[in-house]
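Report on the following structure.
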Amino acid sequence: MNMNQDKSVITRIPPSPTGHLHIGTARTALFNYLYAKKYGGTMIFRSEDTDLERSKPEFEKEILEGLAWLGLTWSNETIYRQSERTAIYQSYLQKMIAAGTAYLSPEESKRNPGEMVEVVRLKNPNKTITFTDEIRGEITFDTTELGDIVIARTIDEPLYHLTVVVDDHEMGVTHVLRGEDHIPNTPRQILIQEAIGAERPVYAHLPLILATDRSKMSKRHGAVSLHEYQKAGFQKEAIINYLALLGWNPGTDQELFTLDELINAFDLFGVQKGGAVFDIKKFSWFNAQYLQKLSLEEFSTYLQDTIPQTLTTLPQYSEERFKKLLPQIKERISTKYDFTELVEAGEYNWAFATPEFETSLLQWKNDADVSVALPRLQNVLELLKTADFFSPDTIKAAIWSYAEEVGKGEVLWPLRTAISGKKQSPDPFTIAFILGKEETYLRIQTACGKIIG
RNA sequence: GGCCCUAUCGUCUAGUGGUUAGGACGCAAGGUUUUCAUCCUUGAAGCCGGAGUUCGAUUCUCCGUAGGGUCACCA
C-alpha cells in the first residue's frame, strides 16, 4: 500500500469542450500547473466530453492550443478523453450495483421524455460530510438533502460526478484545484469516492474571477475567452502574470513575474478566499510592461497584421517611415486595440500625409502675433540645411542652441506644428527624423508661405 | 427560497491584539529640454454594522447585513 507522502503531486485540468477556452479555465490551469511544477509533479489534461451532444472536437483543439500557447502543457503528456473511457466507468458502475452502493432505477427519461430508461442512482448513506479545503478550512455538508443522485443516464452513459471521481482515482490525482463554484459538488463526489473505495484527494477551491458587477464572469460581460484577449494583443507573459495575481499574492511587493518565478513563488496559502474582479485597466498595464520589453523588430512583428488601411492608403505611406514611427507607437499603446484606435483617430496621419491646419496654430502662446514665427522658421530652415538627419538627436543638435537662445517654446512650437499640423504630437526632432530632410523642408516652407499669406 | 462560501482604498491586495493600516492599477496635482506620450515626485481614497472578550480591537468570538456560488438524466 502506498502511503500518502510517497506519492508525487498530480493535478489536473479537466475542461469540458463545449465552448471556447474561458479565461477562468486558463487561470485554473495556471494554478494547477504552478502547483504541480513547484512540487515536481505533473498536470493531467482531461477532456470531459461525456455530453456528446454539447462537446465538439474543435473546442477541445482550441482549448489545448490555448494552453499550449500560454506554455502550460507538458510536451509529452497524455490527453485523456472521457468519451473513450466508457468501459471503465461501466465496470465501476457494475461493481457499485453489485455492492449495493448504487442501483438501477427504471424511470421516464428526462432527456427524452416518453422514453423509459434505467438510470443509475447512488445509494445515499445520508450522512454528514466534512472535508478540508486547503484555502478555506473545514467545510461541512449534510448530504441528506441531495437524495440518491443520478450518476449515469444509463449503464453506458456515465455522468459528470461519476466520471470525475473514477478518473481522479484511476489517474492518481492527488490535488484537486478548481473554482469555488465546485464546492457544492465536493460532498457528492466524496460520497461516490467512499462508495468505490477511492482515496480522497486534497481539495483547494479557488476564488472566482468576477465581472465588474461582482458576478461570475460570463459572455454577457463581454470578452471571456482567452482567444479574444490574444487577438486584442495581450502577450502570453502578461496574461500569465495578471492571472496569477488575480486571487493570489506572493506576500511581497513584486508584481512582475516570469513563469519560472511564479513556479518558485507560488503556494496555496497565498491564495485568496474572496472572488476577484477582473480589471481590464490593470491587465492592460501589465501588457504595456511586457510590450516595452519587446525589441523594435519584435514589436514590428507584433503590429504586422494590425496596420489598418486608413494608414497604408495615405499618400506618403512607406514601410521605411512606419519603421521609424515604431518607437513612438510602442511607448503609447498597451494593446493592439489601442493602436487601432489611435490610427482611426488620425493620430499618426502627419507621418504619411501633408498636414492641413490653421495658420494660427503656428503661434506660440507667448507671442502676440503669428508673424514672429516666420523669421524663426526661416532660421531653422537655414540651420537644417547643413544638418544630419541621421537620428532625432543629430537634428536636435543642429537647432538646440538657437532654440535656447531665442526661447524653446518660441522656436520649437512653430517648428513642431509646422511639420505635424497638430496641437499635440511627438517632439519636432523625432518628427523631422521620421519625415526625412526633404519632406521636413517642404513642410516648413509651406508653413512660412502660410504666414506670409 | 434551502445549502455553502466570502467581506481592508473604486479595483487587485499586504498587514498587526497597540501601525502615520503598506504596495500596485486607476484618478488628481506638480516636475522632467515646447505640446502629447513615457518617466519621476506628491496627493486624495479603505478596515460593512452591532454586541462580546480585552487595558486596548481592523485583527479573536457571536449575531446581523451585504455580495457571490450552487441547487440537471450539463460539466
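For the C-alpha cells, the naming scheme is as follows: chains receive sequential letters (A, B, ...) according to their order of presentation, residues are indexed from 1 within each chain, and ligands are indexed from 1 in presentation order.
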message: List as a PyMOL selection string the protein and nucleic acid residues near region 332-334 of chain A, meaning an atom at most 6 Å away when only C-alpha atoms (C1' of nucleotides) are counted, but skip any in the same chain fewer than 5 places from it.
response: (chain A and resi 284+287-288) or (chain B and resi 37)
Give me a file of those residues, with C-alpha atoms (C1' of nucleotides), as a short mmCIF file (atom, residue, chain, number, x, y, z; two decimals), in the first residue's frame.
```
data_model
loop_
_atom_site.label_atom_id
_atom_site.label_comp_id
_atom_site.auth_asym_id
_atom_site.auth_seq_id
_atom_site.Cartn_x
_atom_site.Cartn_y
_atom_site.Cartn_z
CA SER A 284 -3.57 46.42 -19.89
CA ASN A 287 0.61 44.13 -21.11
CA ALA A 288 2.21 47.54 -21.64
"C1'" A B 37 3.23 60.16 -24.55
#
```
Within 9 Å of region 178-194 of chain A, which residues of region 95-168 of chain A come that close, and what is the closest atom pair and distance in Å for each? Count only C-alpha atoms and give it as a tab-separated table.
```
residue	atom	partner	partner_atom	distance
A:Thr101	CA	A:Ile192	CA	8.7
A:Leu122	CA	A:Ile192	CA	7.5
A:Asn124	CA	A:Leu191	CA	7.6
A:Pro125	CA	A:Leu191	CA	8.2
A:Thr128	CA	A:Pro187	CA	8.9
A:Ile129	CA	A:Pro187	CA	6.2
A:Thr130	CA	A:Pro187	CA	8.0
A:Phe131	CA	A:Pro187	CA	8.1
A:Ile139	CA	A:Ile183	CA	8.9
A:Thr140	CA	A:Pro187	CA	8.5
A:Phe141	CA	A:Pro187	CA	6.8
A:Asp142	CA	A:Pro187	CA	8.5
A:Thr143	CA	A:Pro187	CA	7.0
A:Leu146	CA	A:Arg188	CA	7.9
A:Ile149	CA	A:Arg188	CA	8.1
A:Ile151	CA	A:Ile192	CA	9.0
A:His161	CA	A:Gln189	CA	5.9
A:Leu162	CA	A:Ile192	CA	6.9
A:Val164	CA	A:Gln189	CA	7.9
A:Val165	CA	A:Gln189	CA	6.2
A:Val166	CA	A:Gln193	CA	7.8
```
Each residue of chain B lying at most 7 Å from chain A should get a row with its shortest atom-to-atom pair and the distance in Å to one decimal, counting only C-alpha atoms (C1' of nucleotides); could you produce that, ordered by chain and increasing number, as a Markdown table?
```
| residue | atom | partner | partner_atom | distance |
| --- | --- | --- | --- | --- |
| B:C4 | C1' | A:Pro184 | CA | 6.6 |
| B:U6 | C1' | A:Gly274 | CA | 5.1 |
| B:U11 | C1' | A:Asp279 | CA | 6.4 |
| B:C12 | C1' | A:Leu246 | CA | 6.5 |
| B:A14 | C1' | A:Gly251 | CA | 6.8 |
| B:G23 | C1' | A:Asp253 | CA | 5.9 |
| B:C25 | C1' | A:Lys282 | CA | 4.7 |
| B:U34 | C1' | A:Gly409 | CA | 4.1 |
| B:U35 | C1' | A:Gln424 | CA | 4.9 |
| B:C36 | C1' | A:Gln424 | CA | 4.7 |
| B:A37 | C1' | A:Arg332 | CA | 5.8 |
| B:U38 | C1' | A:Glu331 | CA | 6.3 |
| B:G68 | C1' | A:Ser215 | CA | 6.5 |
| B:G69 | C1' | A:Asp181 | CA | 5.3 |
| B:U70 | C1' | A:Pro184 | CA | 6.0 |
| B:C73 | C1' | A:Arg153 | CA | 4.8 |
| B:A75 | C1' | A:Ser16 | CA | 6.1 |
```
- request: Among the residues of region 9-87 of chain A, find those DSSP assigns to helix (DSSP H, G or I) from the backbone and print them as a PyMOL selection string.
  value: chain A and resi 23-38+57-70+82-84+86-87
Go ahead and dump the residues you just picked, N, CA and C atoms, as a short mmCIF file (atom, residue, chain, number, x, y, z; two decimals), in the first residue's frame.
```
data_model
loop_
_atom_site.label_atom_id
_atom_site.label_comp_id
_atom_site.auth_asym_id
_atom_site.auth_seq_id
_atom_site.Cartn_x
_atom_site.Cartn_y
_atom_site.Cartn_z
N ILE A 23 -11.30 32.40 -19.77
CA ILE A 23 -10.15 32.98 -19.08
C ILE A 23 -10.02 32.38 -17.67
N GLY A 24 -11.16 32.03 -17.08
CA GLY A 24 -11.14 31.40 -15.76
C GLY A 24 -10.55 30.00 -15.82
N THR A 25 -10.84 29.28 -16.89
CA THR A 25 -10.26 27.95 -17.08
C THR A 25 -8.75 28.07 -17.24
N ALA A 26 -8.34 29.12 -17.97
CA ALA A 26 -6.91 29.34 -18.16
C ALA A 26 -6.23 29.57 -16.82
N ARG A 27 -6.89 30.33 -15.95
CA ARG A 27 -6.28 30.59 -14.66
C ARG A 27 -6.24 29.32 -13.80
N THR A 28 -7.31 28.54 -13.83
CA THR A 28 -7.32 27.29 -13.09
C THR A 28 -6.19 26.39 -13.58
N ALA A 29 -6.00 26.36 -14.90
CA ALA A 29 -4.91 25.56 -15.47
C ALA A 29 -3.57 26.09 -14.96
N LEU A 30 -3.43 27.41 -14.96
CA LEU A 30 -2.18 28.01 -14.48
C LEU A 30 -1.88 27.60 -13.05
N PHE A 31 -2.85 27.68 -12.17
CA PHE A 31 -2.63 27.33 -10.77
C PHE A 31 -2.28 25.85 -10.62
N ASN A 32 -2.97 25.01 -11.37
CA ASN A 32 -2.67 23.59 -11.32
C ASN A 32 -1.26 23.30 -11.85
N TYR A 33 -0.93 24.02 -12.90
CA TYR A 33 0.41 23.88 -13.49
C TYR A 33 1.48 24.30 -12.50
N LEU A 34 1.29 25.49 -11.91
CA LEU A 34 2.27 26.01 -10.98
C LEU A 34 2.46 25.08 -9.79
N TYR A 35 1.35 24.60 -9.29
CA TYR A 35 1.44 23.74 -8.10
C TYR A 35 2.17 22.44 -8.43
N ALA A 36 1.78 21.84 -9.55
CA ALA A 36 2.43 20.58 -9.94
C ALA A 36 3.92 20.79 -10.20
N LYS A 37 4.24 21.85 -10.94
CA LYS A 37 5.64 22.12 -11.25
C LYS A 37 6.44 22.37 -9.99
N LYS A 38 5.86 23.15 -9.10
CA LYS A 38 6.57 23.50 -7.88
C LYS A 38 6.97 22.26 -7.09
N PRO A 57 -15.06 18.53 -31.00
CA PRO A 57 -13.61 18.37 -31.13
C PRO A 57 -12.90 19.71 -31.37
N GLU A 58 -13.56 20.62 -32.09
CA GLU A 58 -12.93 21.93 -32.36
C GLU A 58 -12.63 22.66 -31.06
N PHE A 59 -13.56 22.56 -30.12
CA PHE A 59 -13.35 23.25 -28.85
C PHE A 59 -12.18 22.62 -28.09
N GLU A 60 -12.14 21.29 -28.12
CA GLU A 60 -11.04 20.62 -27.43
C GLU A 60 -9.71 21.08 -28.02
N LYS A 61 -9.67 21.15 -29.33
CA LYS A 61 -8.46 21.59 -30.03
C LYS A 61 -8.10 23.01 -29.63
N GLU A 62 -9.10 23.88 -29.62
CA GLU A 62 -8.85 25.28 -29.28
C GLU A 62 -8.34 25.42 -27.85
N ILE A 63 -8.93 24.65 -26.95
CA ILE A 63 -8.53 24.73 -25.54
C ILE A 63 -7.08 24.27 -25.37
N LEU A 64 -6.79 23.15 -26.03
CA LEU A 64 -5.43 22.61 -25.98
C LEU A 64 -4.42 23.59 -26.56
N GLU A 65 -4.78 24.18 -27.69
CA GLU A 65 -3.87 25.13 -28.34
C GLU A 65 -3.67 26.37 -27.48
N GLY A 66 -4.75 26.80 -26.86
CA GLY A 66 -4.67 27.97 -25.99
C GLY A 66 -3.73 27.74 -24.82
N LEU A 67 -3.86 26.59 -24.19
CA LEU A 67 -3.00 26.26 -23.05
C LEU A 67 -1.55 26.10 -23.49
N ALA A 68 -1.39 25.51 -24.67
CA ALA A 68 -0.03 25.34 -25.19
C ALA A 68 0.59 26.70 -25.49
N TRP A 69 -0.20 27.59 -26.04
CA TRP A 69 0.30 28.94 -26.35
C TRP A 69 0.79 29.63 -25.08
N LEU A 70 0.05 29.42 -24.01
CA LEU A 70 0.44 30.02 -22.73
C LEU A 70 1.66 29.32 -22.14
N GLN A 82 -12.81 11.42 -21.79
CA GLN A 82 -13.77 10.59 -21.08
C GLN A 82 -14.66 9.79 -22.03
N SER A 83 -14.88 10.33 -23.21
CA SER A 83 -15.72 9.61 -24.17
C SER A 83 -15.08 8.30 -24.60
N GLU A 84 -13.76 8.16 -24.36
CA GLU A 84 -13.06 6.93 -24.75
C GLU A 84 -12.92 5.97 -23.57
N THR A 86 -15.63 4.81 -21.52
CA THR A 86 -16.92 4.33 -21.00
C THR A 86 -16.85 2.94 -20.40
N ALA A 87 -15.98 2.09 -20.94
CA ALA A 87 -15.87 0.72 -20.41
C ALA A 87 -15.41 0.75 -18.95
#
```
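Between CA of Asn349 (chain A) and C1' of C39 (chain B) the interatomic distance comes to 26.0 Å.
Distance check against Gly172 (chain A) using only C-alpha atoms: of A:Pro113, A:Gly100, A:Pro327, A:Gly41, the minimum falls on A:Gly41.
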Do a neighbour search on C55 (chain B) at 12 Å with only C-alpha atoms (C1' of nucleotides), toss out local chain neighbours closer than 2 positions, and write the hits as an mmCIF file with C-alpha atoms (C1' of nucleotides), in the first residue's frame.
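That gives us out-v1.cif:
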```cif
data_model
loop_
_atom_site.group_PDB
_atom_site.id
_atom_site.type_symbol
_atom_site.label_atom_id
_atom_site.label_comp_id
_atom_site.auth_asym_id
_atom_site.auth_seq_id
_atom_site.Cartn_x
_atom_site.Cartn_y
_atom_site.Cartn_z
ATOM 1 C "C1'" G B 17 -4.310 42.390 19.858
ATOM 2 C "C1'" G B 18 -1.338 48.712 20.399
ATOM 3 C "C1'" A B 57 -9.844 45.624 18.628
#
```
message: When you look at region 19-21 of chain B with a cut-off of 8 Å (counting only C-alpha atoms (C1' of nucleotides)), what residues show up, excluding the ones that are within fewer than 3 positions of it in the same chain? I need them as a ChimeraX atom specification.
response: /B:15-16,47
Selection export as a tab-separated table (two decimals), in the first residue's frame, atoms kept: C-alpha atoms (C1' of nucleotides):
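Okay, this is what ended up in out_1.tsv:
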```
chain	number	residue	atom	x	y	z
B	15	G	C1'	-0.68	43.56	7.42
B	16	U	C1'	-1.00	43.54	13.15
B	47	C	C1'	-10.52	48.04	7.76
```
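The residues of region 86-120 of chain A that DSSP classifies as strand (DSSP E or B), using the backbone of this structure, are A:Ala102, A:Tyr103, A:Leu104, A:Ser105, A:Pro106, A:Glu107, A:Glu108, A:Met116, A:Val117, A:Glu118, A:Val119, A:Val120.
One finds CA of Phe390 (chain A) at 9.7 Å from CA of Lys437 (chain A).
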